[in-house]
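**Student:** Sharing work_35.cif below, mmCIF, C-alpha atoms:
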data_start
#
loop_
_atom_site.group_PDB
_atom_site.id
_atom_site.type_symbol
_atom_site.label_atom_id
_atom_site.label_comp_id
_atom_site.auth_asym_id
_atom_site.auth_seq_id
_atom_site.Cartn_x
_atom_site.Cartn_y
_atom_site.Cartn_z
ATOM 1 C CA MET Z 119 -25.855 24.898 4.292
ATOM 2 C CA ILE Z 120 -28.113 23.830 7.174
ATOM 3 C CA ALA Z 121 -25.990 20.710 7.619
ATOM 4 C CA LEU Z 122 -22.746 22.670 7.769
ATOM 5 C CA PHE Z 123 -24.238 25.303 10.075
ATOM 6 C CA PHE Z 124 -25.631 22.685 12.455
ATOM 7 C CA ASN Z 125 -22.297 20.863 12.457
ATOM 8 C CA LYS Z 126 -20.555 24.146 13.269
ATOM 9 C CA ILE Z 127 -22.723 24.922 16.296
ATOM 10 C CA SER Z 128 -23.195 21.342 17.503
ATOM 11 C CA PRO Z 129 -21.033 20.259 20.464
ATOM 12 C CA GLU Z 130 -20.604 16.973 18.573
ATOM 13 C CA GLY Z 131 -19.525 18.790 15.401
ATOM 14 C CA ILE Z 132 -16.578 17.463 13.395
ATOM 15 C CA PRO Z 133 -14.094 19.103 11.011
ATOM 16 C CA VAL Z 134 -15.455 19.248 7.452
ATOM 17 C CA ILE Z 135 -12.265 17.713 6.086
ATOM 18 C CA THR Z 136 -11.314 14.588 8.020
ATOM 19 C CA LYS Z 137 -8.142 14.926 10.053
ATOM 20 C CA PHE Z 138 -5.832 11.970 9.761
ATOM 21 C CA ARG Z 139 -2.392 10.766 10.740
ATOM 22 C CA ASN Z 140 0.169 9.238 8.460
ATOM 23 C CA ILE Z 141 1.596 6.119 10.037
ATOM 24 C CA LYS Z 142 4.524 4.345 8.458
ATOM 25 C CA ILE Z 143 4.194 0.586 8.683
ATOM 26 C CA GLN Z 144 7.448 -0.911 7.492
ATOM 27 C CA ASP Z 145 7.798 0.785 4.084
ATOM 28 C CA THR Z 146 4.162 1.705 3.577
ATOM 29 C CA ASN Z 147 2.437 4.877 4.676
ATOM 30 C CA ILE Z 148 -1.162 4.481 5.791
ATOM 31 C CA LYS Z 149 -3.651 7.194 6.663
ATOM 32 C CA VAL Z 150 -5.538 6.723 9.906
ATOM 33 C CA PRO Z 151 -8.507 9.055 10.368
ATOM 34 C CA LEU Z 152 -9.077 10.938 13.605
ATOM 35 C CA PHE Z 153 -12.742 10.810 14.533
ATOM 36 C CA LEU Z 154 -12.860 12.665 17.814
ATOM 37 C CA SER Z 155 -15.495 15.373 17.893
ATOM 38 C CA ALA Z 156 -14.603 18.720 19.425
ATOM 39 C CA LYS Z 157 -16.657 17.899 22.508
ATOM 40 C CA ARG Z 158 -14.982 14.567 23.140
ATOM 41 C CA ILE Z 159 -11.551 16.150 22.948
ATOM 42 C CA HIS Z 160 -12.663 18.979 25.175
ATOM 43 C CA LYS Z 161 -14.137 16.608 27.750
ATOM 44 C CA LYS Z 162 -10.895 14.728 28.069
ATOM 45 C CA LYS Z 163 -8.662 17.718 28.622
ATOM 46 C CA ASP Z 164 -9.098 21.388 28.023
ATOM 47 C CA ILE Z 165 -6.758 21.269 25.038
ATOM 48 C CA ASP Z 166 -6.728 19.917 21.522
ATOM 49 C CA ILE Z 167 -5.081 16.548 22.083
ATOM 50 C CA VAL Z 168 -4.975 15.831 18.362
ATOM 51 C CA ASN Z 169 -2.141 18.309 17.974
ATOM 52 C CA GLU Z 170 -0.161 16.767 20.772
ATOM 53 C CA LEU Z 171 0.019 13.191 19.625
ATOM 54 C CA GLN Z 172 3.242 11.384 20.339
ATOM 55 C CA SER Z 173 4.450 8.928 17.799
ATOM 56 C CA ILE Z 174 3.092 5.460 18.438
ATOM 57 C CA LYS Z 175 5.601 2.648 18.271
ATOM 58 C CA GLU Z 176 5.700 -0.445 16.104
ATOM 59 C CA ILE Z 177 6.955 -3.564 17.885
ATOM 60 C CA ASN Z 178 7.702 -7.028 16.549
ATOM 61 C CA ILE Z 179 7.142 -10.534 17.924
ATOM 62 C CA GLU Z 180 10.477 -10.780 19.749
ATOM 63 C CA LYS Z 181 9.852 -7.611 21.696
ATOM 64 C CA VAL Z 182 6.204 -8.524 22.345
ATOM 65 C CA GLN Z 183 7.251 -11.895 23.772
ATOM 66 C CA LYS Z 184 9.703 -10.210 26.133
ATOM 67 C CA ILE Z 185 7.110 -7.685 27.292
ATOM 68 C CA PHE Z 186 4.532 -10.475 27.684
ATOM 69 C CA MET Z 187 6.904 -12.449 29.910
ATOM 70 C CA LYS Z 188 7.476 -9.398 32.102
ATOM 71 C CA GLY Z 189 3.713 -8.855 32.271
ATOM 72 C CA ASN Z 190 3.922 -5.101 32.527
ATOM 73 C CA CYS Z 191 1.556 -4.244 29.715
ATOM 74 C CA ILE Z 192 -2.056 -4.527 28.561
ATOM 75 C CA PHE Z 193 -2.905 -6.138 25.229
ATOM 76 C CA PHE Z 194 -5.874 -4.896 23.209
ATOM 77 C CA ASP Z 195 -7.237 -7.258 20.574
ATOM 78 C CA ALA Z 196 -8.767 -5.222 17.730
ATOM 79 C CA ARG Z 197 -10.090 -8.233 15.789
ATOM 80 C CA SER Z 198 -13.715 -9.375 15.628
ATOM 81 C CA THR Z 199 -15.417 -10.876 18.685
ATOM 82 C CA GLU Z 200 -15.602 -14.202 16.852
ATOM 83 C CA ASN Z 201 -11.837 -14.275 16.278
ATOM 84 C CA TYR Z 202 -11.200 -13.247 19.873
ATOM 85 C CA ILE Z 203 -13.317 -16.117 21.211
ATOM 86 C CA ASP Z 204 -11.493 -18.566 18.923
ATOM 87 C CA GLY Z 205 -8.201 -17.561 20.499
ATOM 88 C CA HIS Z 206 -6.314 -14.543 21.794
ATOM 89 C CA ILE Z 207 -3.185 -13.523 23.664
ATOM 90 C CA PRO Z 208 -3.723 -14.414 27.353
ATOM 91 C CA GLY Z 209 -5.006 -11.371 29.242
ATOM 92 C CA ALA Z 210 -5.852 -9.404 26.101
ATOM 93 C CA ILE Z 211 -8.949 -7.207 26.191
ATOM 94 C CA SER Z 212 -11.276 -7.491 23.216
ATOM 95 C CA ILE Z 213 -11.981 -4.232 21.359
ATOM 96 C CA PRO Z 214 -13.524 -5.225 18.012
ATOM 97 C CA ILE Z 215 -13.370 -1.755 16.501
ATOM 98 C CA GLU Z 216 -15.197 -2.687 13.309
ATOM 99 C CA GLU Z 217 -18.171 -3.902 15.347
ATOM 100 C CA ILE Z 218 -18.371 -1.216 18.004
ATOM 101 C CA GLY Z 219 -17.797 2.506 17.865
ATOM 102 C CA PHE Z 220 -14.877 4.185 19.547
ATOM 103 C CA ASP Z 221 -17.434 5.766 21.881
ATOM 104 C CA GLU Z 222 -18.429 2.337 23.171
ATOM 105 C CA ILE Z 223 -14.926 1.228 24.053
ATOM 106 C CA ASP Z 224 -14.978 0.629 27.789
ATOM 107 C CA ILE Z 225 -11.487 1.281 29.101
ATOM 108 C CA ALA Z 226 -12.314 3.782 31.811
ATOM 109 C CA ASP Z 227 -10.523 1.714 34.474
ATOM 110 C CA ILE Z 228 -7.204 1.698 32.681
ATOM 111 C CA ASP Z 229 -4.624 4.292 33.601
ATOM 112 C CA PHE Z 230 -3.323 6.508 30.803
ATOM 113 C CA THR Z 231 0.262 5.733 31.791
ATOM 114 C CA GLU Z 232 -0.078 1.945 31.245
ATOM 115 C CA LYS Z 233 1.921 0.362 28.465
ATOM 116 C CA ILE Z 234 -0.565 -0.642 25.773
ATOM 117 C CA ILE Z 235 -0.013 -3.084 22.910
ATOM 118 C CA THR Z 236 -2.669 -3.384 20.211
ATOM 119 C CA TYR Z 237 -2.825 -6.206 17.717
ATOM 120 C CA CYS Z 238 -5.012 -7.628 14.962
ATOM 121 C CA ASP Z 239 -4.585 -10.465 12.441
ATOM 122 C CA GLY Z 240 -1.185 -9.699 11.026
ATOM 123 C CA GLU Z 241 0.886 -7.350 8.940
ATOM 124 C CA GLU Z 242 -1.838 -6.748 6.355
ATOM 125 C CA CYS Z 243 -4.349 -5.747 9.004
ATOM 126 C CA HIS Z 244 -4.498 -2.101 10.091
ATOM 127 C CA LEU Z 245 -7.092 -2.323 12.869
ATOM 128 C CA SER Z 246 -4.373 -2.401 15.520
ATOM 129 C CA VAL Z 247 -2.891 0.820 14.140
ATOM 130 C CA GLU Z 248 -6.308 2.510 14.026
ATOM 131 C CA LEU Z 249 -6.946 1.497 17.626
ATOM 132 C CA ALA Z 250 -3.484 2.636 18.692
ATOM 133 C CA VAL Z 251 -4.026 6.053 17.108
ATOM 134 C CA TYR Z 252 -7.391 6.385 18.845
ATOM 135 C CA LEU Z 253 -5.950 5.410 22.240
ATOM 136 C CA GLU Z 254 -3.215 7.967 21.871
ATOM 137 C CA GLU Z 255 -5.738 10.592 20.806
ATOM 138 C CA ILE Z 256 -7.712 10.165 23.999
ATOM 139 C CA GLY Z 257 -4.634 10.441 26.162
ATOM 140 C CA PHE Z 258 -2.794 7.110 26.551
ATOM 141 C CA MET Z 259 0.889 7.902 26.713
ATOM 142 C CA ASN Z 260 2.589 4.606 25.921
ATOM 143 C CA VAL Z 261 0.836 3.002 22.958
ATOM 144 C CA ASN Z 262 2.429 0.368 20.735
ATOM 145 C CA TYR Z 263 1.098 -1.812 17.954
ATOM 146 C CA PHE Z 264 2.236 -5.362 17.391
ATOM 147 C CA ILE Z 265 3.171 -5.556 13.719
ATOM 148 C CA GLY Z 266 2.956 -9.316 13.235
ATOM 149 C CA GLY Z 267 -0.284 -9.582 15.168
ATOM 150 C CA TRP Z 268 -2.148 -12.784 15.897
ATOM 151 C CA SER Z 269 -0.638 -14.816 13.024
ATOM 152 C CA SER Z 270 2.846 -14.042 14.261
ATOM 153 C CA TRP Z 271 1.870 -14.862 17.867
ATOM 154 C CA ILE Z 272 0.508 -18.317 17.092
ATOM 155 C CA GLY Z 273 3.268 -18.945 14.535
ATOM 156 C CA ASN Z 274 5.797 -18.758 17.368
ATOM 157 C CA ASP Z 275 4.038 -21.277 19.622
ATOM 158 C CA ASN Z 276 3.057 -18.816 22.301
ATOM 159 C CA GLN Z 277 0.364 -19.311 24.930
ATOM 160 C CA VAL Z 278 -3.210 -18.864 23.754
ATOM 161 C CA SER Z 279 -6.446 -18.234 25.644
ATOM 162 C CA LYS Z 280 -9.856 -19.142 24.269
ATOM 163 C CA GLY Z 281 -13.315 -17.823 25.057
ATOM 164 C CA SER Z 282 -14.878 -14.457 25.634
ATOM 165 C CA THR Z 283 -12.903 -13.525 28.736
ATOM 166 C CA PRO Z 284 -9.273 -12.291 28.849
ATOM 167 C CA MET O 192 -53.348 3.872 -15.953
ATOM 168 C CA LYS O 193 -56.122 5.543 -14.056
ATOM 169 C CA TYR O 194 -55.225 7.156 -10.744
ATOM 170 C CA ASN O 195 -58.064 6.498 -8.387
ATOM 171 C CA ASN O 196 -58.508 7.294 -4.710
ATOM 172 C CA LYS O 197 -57.407 3.830 -3.634
ATOM 173 C CA ASN O 198 -54.087 4.253 -5.441
ATOM 174 C CA GLN O 199 -53.643 7.713 -4.026
ATOM 175 C CA LEU O 200 -54.277 6.466 -0.507
ATOM 176 C CA PHE O 201 -51.778 3.638 -1.006
ATOM 177 C CA MET O 202 -49.165 6.055 -2.333
ATOM 178 C CA MET O 203 -49.793 8.435 0.521
ATOM 179 C CA ILE O 204 -49.148 5.636 3.014
ATOM 180 C CA ILE O 205 -45.879 4.682 1.275
ATOM 181 C CA ARG O 206 -44.849 8.331 1.147
ATOM 182 C CA VAL O 207 -45.432 8.982 4.828
ATOM 183 C CA VAL O 208 -43.955 5.675 6.008
ATOM 184 C CA LEU O 209 -40.795 6.138 3.928
ATOM 185 C CA GLY O 210 -40.564 9.778 4.965
ATOM 186 C CA VAL O 211 -40.712 8.811 8.623
ATOM 187 C CA VAL O 212 -38.193 5.992 8.096
ATOM 188 C CA PHE O 213 -35.673 8.327 6.453
ATOM 189 C CA ILE O 214 -36.101 10.999 9.120
ATOM 190 C CA TYR O 215 -35.756 8.392 11.876
ATOM 191 C CA ALA O 216 -32.646 6.997 10.169
ATOM 192 C CA SER O 217 -31.063 10.443 10.006
ATOM 193 C CA ILE O 218 -31.478 11.563 13.634
ATOM 194 C CA ASP O 219 -28.600 9.645 15.253
ATOM 195 C CA LYS O 220 -26.330 10.427 12.328
ATOM 196 C CA ILE O 221 -27.070 14.147 12.543
ATOM 197 C CA LEU O 222 -26.472 14.191 16.286
ATOM 198 C CA PHE O 223 -23.293 12.093 16.218
ATOM 199 C CA PRO O 224 -21.496 12.684 12.904
ATOM 200 C CA ALA O 225 -18.153 11.414 14.211
ATOM 201 C CA ARG O 226 -19.687 8.024 14.889
ATOM 202 C CA PHE O 227 -21.281 7.939 11.442
ATOM 203 C CA ALA O 228 -17.974 8.942 9.803
ATOM 204 C CA GLU O 229 -16.330 6.061 11.643
ATOM 205 C CA ILE O 230 -18.913 3.613 10.269
ATOM 206 C CA ILE O 231 -18.455 4.943 6.722
ATOM 207 C CA TYR O 232 -14.693 4.569 7.155
ATOM 208 C CA HIS O 233 -15.024 0.872 7.934
ATOM 209 C CA TYR O 234 -16.674 0.294 4.543
ATOM 210 C CA LYS O 235 -13.280 1.348 3.099
ATOM 211 C CA VAL O 236 -14.640 2.825 -0.121
ATOM 212 C CA LEU O 237 -14.184 6.589 0.284
ATOM 213 C CA PRO O 238 -10.998 8.659 0.492
ATOM 214 C CA ILE O 239 -10.285 9.467 4.141
ATOM 215 C CA GLU O 240 -10.424 13.232 3.566
ATOM 216 C CA MET O 241 -14.063 12.961 2.427
ATOM 217 C CA LEU O 242 -15.413 10.881 5.317
ATOM 218 C CA ASN O 243 -16.460 13.799 7.501
ATOM 219 C CA ILE O 244 -18.162 15.899 4.848
ATOM 220 C CA ILE O 245 -20.142 12.868 3.656
ATOM 221 C CA ALA O 246 -21.066 12.051 7.282
ATOM 222 C CA ILE O 247 -22.258 15.633 7.746
ATOM 223 C CA LEU O 248 -24.257 15.965 4.512
ATOM 224 C CA ILE O 249 -25.896 12.560 3.924
ATOM 225 C CA PRO O 250 -28.060 12.510 7.108
ATOM 226 C CA TRP O 251 -29.413 16.000 6.390
ATOM 227 C CA LEU O 252 -30.141 14.959 2.823
ATOM 228 C CA GLU O 253 -32.059 11.953 4.158
ATOM 229 C CA ALA O 254 -33.984 14.091 6.627
ATOM 230 C CA GLY O 255 -34.767 16.839 4.115
ATOM 231 C CA LEU O 256 -35.918 14.442 1.421
ATOM 232 C CA GLY O 257 -37.905 12.491 4.034
ATOM 233 C CA LEU O 258 -39.750 15.705 4.924
ATOM 234 C CA LEU O 259 -40.447 16.386 1.250
ATOM 235 C CA LEU O 260 -41.992 12.913 0.968
ATOM 236 C CA ILE O 261 -44.226 13.427 4.000
ATOM 237 C CA PHE O 262 -45.485 16.802 2.801
ATOM 238 C CA ASP O 263 -45.721 15.695 -0.828
ATOM 239 C CA ILE O 264 -43.383 18.387 -2.127
ATOM 240 C CA TRP O 265 -41.290 17.468 -5.195
ATOM 241 C CA THR O 266 -42.063 13.849 -4.343
ATOM 242 C CA ASP O 267 -40.862 12.598 -7.715
ATOM 243 C CA MET O 268 -37.416 14.134 -7.291
ATOM 244 C CA ALA O 269 -37.149 13.228 -3.585
ATOM 245 C CA SER O 270 -38.159 9.601 -4.126
ATOM 246 C CA LEU O 271 -35.743 9.247 -7.048
ATOM 247 C CA ILE O 272 -32.776 10.554 -5.047
ATOM 248 C CA LEU O 273 -33.672 8.440 -1.996
ATOM 249 C CA GLY O 274 -34.171 5.382 -4.218
ATOM 250 C CA VAL O 275 -30.739 5.841 -5.775
ATOM 251 C CA LEU O 276 -29.160 6.443 -2.348
ATOM 252 C CA SER O 277 -30.751 3.288 -0.941
ATOM 253 C CA PHE O 278 -29.632 1.286 -3.956
ATOM 254 C CA VAL O 279 -26.057 2.540 -3.556
ATOM 255 C CA PHE O 280 -26.267 1.547 0.091
ATOM 256 C CA ILE O 281 -27.305 -1.995 -0.891
ATOM 257 C CA LEU O 282 -24.254 -2.181 -3.166
ATOM 258 C CA LEU O 283 -22.036 -1.016 -0.287
ATOM 259 C CA ILE O 284 -23.423 -3.676 2.050
ATOM 260 C CA VAL O 285 -22.996 -6.393 -0.583
ATOM 261 C CA SER O 286 -19.442 -5.269 -1.298
ATOM 262 C CA ALA O 287 -18.630 -5.282 2.438
ATOM 263 C CA MET O 288 -20.032 -8.803 2.746
ATOM 264 C CA ILE O 289 -18.064 -10.022 -0.272
ATOM 265 C CA ARG O 290 -14.876 -8.576 1.243
ATOM 266 C CA GLY O 291 -15.664 -10.387 4.486
ATOM 267 C CA LEU O 292 -15.978 -7.179 6.513
ATOM 268 C CA ASN O 293 -17.769 -7.685 9.785
ATOM 269 C CA ILE O 294 -18.778 -4.046 10.176
ATOM 270 C CA GLN O 295 -21.724 -2.102 11.523
ATOM 271 C CA CYS O 296 -24.314 -1.225 8.933
ATOM 272 C CA GLY O 297 -25.055 2.376 9.954
ATOM 273 C CA CYS O 298 -28.504 1.966 8.428
ATOM 274 C CA PHE O 299 -30.994 3.248 10.987
ATOM 275 C CA SER O 300 -29.235 3.944 14.238
ATOM 276 C CA LEU O 301 -25.645 4.101 15.395
ATOM 277 C CA ASP O 302 -26.314 1.812 18.332
ATOM 278 C CA ASN O 303 -23.675 -0.887 18.588
ATOM 279 C CA LYS O 304 -26.422 -3.433 19.263
ATOM 280 C CA GLU O 305 -27.697 -2.908 15.760
ATOM 281 C CA SER O 306 -26.704 -5.886 13.660
ATOM 282 C CA VAL O 307 -23.727 -5.788 11.386
ATOM 283 C CA VAL O 308 -24.019 -5.874 7.613
ATOM 284 C CA GLY O 309 -25.913 -8.933 6.418
ATOM 285 C CA THR O 310 -28.815 -10.318 4.436
ATOM 286 C CA GLN O 311 -31.445 -8.807 6.730
ATOM 287 C CA ARG O 312 -30.075 -5.316 6.101
ATOM 288 C CA ILE O 313 -30.090 -5.926 2.364
ATOM 289 C CA ILE O 314 -33.737 -7.026 2.448
ATOM 290 C CA GLU O 315 -34.727 -3.965 4.482
ATOM 291 C CA ASP O 316 -32.912 -1.660 2.080
ATOM 292 C CA LEU O 317 -34.373 -3.454 -0.911
ATOM 293 C CA ILE O 318 -37.908 -2.867 0.396
ATOM 294 C CA ILE O 319 -37.110 0.826 0.905
ATOM 295 C CA THR O 320 -35.550 1.110 -2.555
ATOM 296 C CA VAL O 321 -38.556 -0.524 -4.219
ATOM 297 C CA GLY O 322 -40.881 1.773 -2.245
ATOM 298 C CA CYS O 323 -38.946 4.818 -3.441
ATOM 299 C CA PHE O 324 -39.081 3.755 -7.062
ATOM 300 C CA ILE O 325 -42.810 2.944 -6.835
ATOM 301 C CA LEU O 326 -43.325 6.502 -5.585
ATOM 302 C CA PHE O 327 -41.084 7.903 -8.289
ATOM 303 C CA PHE O 328 -42.920 6.174 -11.110
ATOM 304 C CA TYR O 329 -46.337 7.051 -9.711
ATOM 305 C CA TYR O 330 -45.616 10.715 -9.024
ATOM 306 C CA SER O 331 -43.494 11.352 -12.085
ATOM 307 C CA ARG O 332 -46.426 10.256 -14.236
ATOM 308 C CA LEU O 333 -48.672 12.734 -12.489
ATOM 309 C CA LYS O 334 -46.077 15.486 -12.445
ATOM 310 C CA PRO O 335 -43.291 14.793 -14.958
ATOM 311 C CA LEU O 336 -39.851 15.778 -13.681
ATOM 312 C CA LEU O 337 -39.192 18.274 -16.446
ATOM 313 C CA THR O 338 -42.417 20.258 -16.225
#
Can I see the file as structure tokens?

**Tutor:**
Amino acid sequence: MIALFFNKISPEGIPVITKFRNIKIQDTNIKVPLFLSAKRIHKKKDIDIVNELQSIKEINIEKVQKIFMKGNCIFFDARSTENYIDGHIPGAISIPIEEIGFDEIDIADIDFTEKIITYCDGEECHLSVELAVYLEEIGFMNVNYFIGGWSSWIGNDNQVSKGSTP
Amino acid sequence: MKYNNKNQLFMMIIRVVLGVVFIYASIDKILFPARFAEIIYHYKVLPIEMLNIIAILIPWLEAGLGLLLIFDIWTDMASLILGVLSFVFILLIVSAMIRGLNIQCGCFSLDNKESVVGTQRIIEDLIITVGCFILFFYYSRLKPLLT
């Protein structure tokens, strides 16, 4: 009772039942939880952004290659830091969401209107989708996840950067 | 077994230390439940709908039982529950390691500098679990659970 009461009055309180979004990846539905506390939503805008989510888009390797060539997008790598250092899409920003909390993601400099593409290991990996959902929750308006991810990128002989910097 | 002052002093130290550890471990989680829910999610063992309620209740349970340990109230019951909780946590860490998950532990603080799941976390939790069960066996002999 104390726990529930404190959660109710706390500015960092969360819904008792976890809110989530159903995202269809190819033929499979996956549930992606929404972790924003009331305060964090409120801080961003004076409305409940969770109810205003647009549908995030799934894009494949062909489309990603075209967008990469144009250079009008920002890639977010949701894999571990170790994997990122071993190799990543040139220019991609590392956001290892299993290692850091959403609160610690430092993307304050990026405009909400930028085209964002998230990726992780491949089709079996859902980190890119989780990150995409989070980014859309906090207000990014053009969020896409790269379905084939890293395995698809290197499988098509694309450029690769190594090290801890984009 | 004869309970002498030396034993009682030793048990008191374990009680207070573990009590403080559990209260310390609960503070961040109580203050930032969304962050704790996120960490639980990455273990990928609970249904998504339950993540928040578990993230809300577990830290308060830790804190409450930690207080009971410090003030020596229902110590047998408190130490048993905390011992079982800690043991379950060890199993979760081991299962995450086996599955190759490189996730935050969520053991003591929610700071991202805290190390991810690994052997060191297991050893820490093992020490806490053993401490809890030592308390349980000692205090349940003095005050059996069902009396």

**Student:** Give as a PyMOL selection string each residue that has an atom at most 12 Å from (-22.3, -2.3, -2.3) in the file, counting all atoms listed in the file.

**Tutor:** chain O and resi 234-236+276-290+292+296+308-309+312-313+316

**Student:** Pick out the chain O residues within 10 Å of chain Z. Count only C-alpha atoms. Give them as a PyMOL selection string.

**Tutor:** chain O and resi 221-230+232-234+238-252+292-296+301-308

**Student:** For the structure provided, state which residues fall under the PyMOL selection byres ((chain Z and resi 234) around 8), and present them as number ranges by chain.

**Tutor:** Z: 191-194, 232-233, 235-236, 260-262

**Student:** Would you kindly translate the PyMOL selection byres ((chain O and resi 270) around 8) into the concrete residues it picks from this file, as a list of chain:residue names?

**Tutor:** O:Leu256, O:Leu260, O:Thr266, O:Asp267, O:Met268, O:Ala269, O:Leu271, O:Ile272, O:Leu273, O:Gly274, O:Cys323, O:Phe324, O:Leu326, O:Phe327

**Student:** Given the PyMOL selection byres ((chain O and resi 206-208) around 8) and the file above, list the residues it selects as a list in words.

**Tutor:**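 Selection result, ordered by chain and number: Met202, Met203, Ile204, Ile205, Leu209, Gly210, Val211, Val212, Leu260, Ile261, Asp263 and Leu326 of chain O.
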
**Student:** Write the selection just made, keeping C-alpha atoms, as a PDB file, in the frame of the given file?

**Tutor:**
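Below you can see out-v4.pdb, which holds the result:
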ATOM      1  CA  MET O 202     -49.165   6.055  -2.333  1.00  0.00           C
ATOM      2  CA  MET O 203     -49.793   8.435   0.521  1.00  0.00           C
ATOM      3  CA  ILE O 204     -49.148   5.636   3.014  1.00  0.00           C
ATOM      4  CA  ILE O 205     -45.879   4.682   1.275  1.00  0.00           C
ATOM      5  CA  LEU O 209     -40.795   6.138   3.928  1.00  0.00           C
ATOM      6  CA  GLY O 210     -40.564   9.778   4.965  1.00  0.00           C
ATOM      7  CA  VAL O 211     -40.712   8.811   8.623  1.00  0.00           C
ATOM      8  CA  VAL O 212     -38.193   5.992   8.096  1.00  0.00           C
ATOM      9  CA  LEU O 260     -41.992  12.913   0.968  1.00  0.00           C
ATOM     10  CA  ILE O 261     -44.226  13.427   4.000  1.00  0.00           C
ATOM     11  CA  ASP O 263     -45.721  15.695  -0.828  1.00  0.00           C
ATOM     12  CA  LEU O 326     -43.325   6.502  -5.585  1.00  0.00           C
TER      13      LEU O 326
END

**Student:** Any idea what the distance is between atom CA of Lys175 of chain Z and atom CA of Val251 of chain Z?

**Tutor:**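 Separation between atom CA of Lys175 of chain Z and atom CA of Val251 of chain Z: 10.3 Å.
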
**Student:** Do you know which residues are at most 10 Å from Ile225 of chain Z counting only C-alpha atoms, after dropping those on the same chain fewer than 6 positions away, and could you put them as number ranges by chain?

**Tutor:** Z: 211, 213, 253

**Student:** Select, from Z:Ser279, Z:Gln183, Z:Asn190, Z:Thr231, the residue with the minimum atom-to-atom distance to Glu254 of chain Z, counting only C-alpha atoms.

**Tutor:**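 For Glu254 of chain Z, the nearest of the given residues is Z:Thr231.
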
**Student:** As an exercise, work out the distance from atom CA of Pro208 of chain Z to atom CA of Val278 of chain Z in Å and give it to one decimal place.

**Tutor:**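 If I compute the distance from atom CA of Pro208 of chain Z to atom CA of Val278 of chain Z, I get 5.7 Å.
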
**Student:** Please compute the atom CA of Glu241 of chain Z-atom CA of Gly267 of chain Z distance, one decimal, in Å.

**Tutor:**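 Straight-line distance from atom CA of Glu241 of chain Z to atom CA of Gly267 of chain Z works out to 6.7 Å.
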
**Student:** Rebuild segment 273-277 of chain O to all heavy atoms - output it as a PDB file, keeping the file's coordinate frame, please.

**Tutor:**
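Here's the written file rebuild25.pdb:
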ATOM      1  N   LEU O 273     -33.722   9.395  -3.109  1.00  0.00           N
ATOM      2  CA  LEU O 273     -33.672   8.440  -1.996  1.00  0.00           C
ATOM      3  C   LEU O 273     -33.559   7.004  -2.510  1.00  0.00           C
ATOM      4  O   LEU O 273     -32.873   6.169  -1.921  1.00  0.00           O
ATOM      5  CB  LEU O 273     -34.908   8.599  -1.112  1.00  0.00           C
ATOM      6  CG  LEU O 273     -34.908   9.860  -0.235  1.00  0.00           C
ATOM      7  CD1 LEU O 273     -36.244  10.054   0.458  1.00  0.00           C
ATOM      8  CD2 LEU O 273     -33.796   9.796   0.805  1.00  0.00           C
ATOM      9  N   GLY O 274     -34.247   6.724  -3.619  1.00  0.00           N
ATOM     10  CA  GLY O 274     -34.171   5.382  -4.218  1.00  0.00           C
ATOM     11  C   GLY O 274     -32.746   5.067  -4.657  1.00  0.00           C
ATOM     12  O   GLY O 274     -32.221   3.979  -4.391  1.00  0.00           O
ATOM     13  N   VAL O 275     -32.120   6.045  -5.311  1.00  0.00           N
ATOM     14  CA  VAL O 275     -30.739   5.841  -5.775  1.00  0.00           C
ATOM     15  C   VAL O 275     -29.802   5.685  -4.570  1.00  0.00           C
ATOM     16  O   VAL O 275     -28.951   4.788  -4.545  1.00  0.00           O
ATOM     17  CB  VAL O 275     -30.283   7.015  -6.683  1.00  0.00           C
ATOM     18  CG1 VAL O 275     -28.792   6.923  -6.987  1.00  0.00           C
ATOM     19  CG2 VAL O 275     -31.085   7.024  -7.976  1.00  0.00           C
ATOM     20  N   LEU O 276     -29.991   6.541  -3.565  1.00  0.00           N
ATOM     21  CA  LEU O 276     -29.160   6.443  -2.348  1.00  0.00           C
ATOM     22  C   LEU O 276     -29.284   5.060  -1.700  1.00  0.00           C
ATOM     23  O   LEU O 276     -28.297   4.443  -1.326  1.00  0.00           O
ATOM     24  CB  LEU O 276     -29.608   7.487  -1.320  1.00  0.00           C
ATOM     25  CG  LEU O 276     -28.964   8.868  -1.342  1.00  0.00           C
ATOM     26  CD1 LEU O 276     -29.544   9.726  -0.223  1.00  0.00           C
ATOM     27  CD2 LEU O 276     -27.454   8.749  -1.174  1.00  0.00           C
ATOM     28  N   SER O 277     -30.522   4.598  -1.576  1.00  0.00           N
ATOM     29  CA  SER O 277     -30.751   3.288  -0.941  1.00  0.00           C
ATOM     30  C   SER O 277     -30.115   2.168  -1.765  1.00  0.00           C
ATOM     31  O   SER O 277     -29.562   1.222  -1.211  1.00  0.00           O
ATOM     32  CB  SER O 277     -32.249   3.004  -0.802  1.00  0.00           C
ATOM     33  OG  SER O 277     -32.849   4.017  -0.075  1.00  0.00           O
TER      34      SER O 277
END
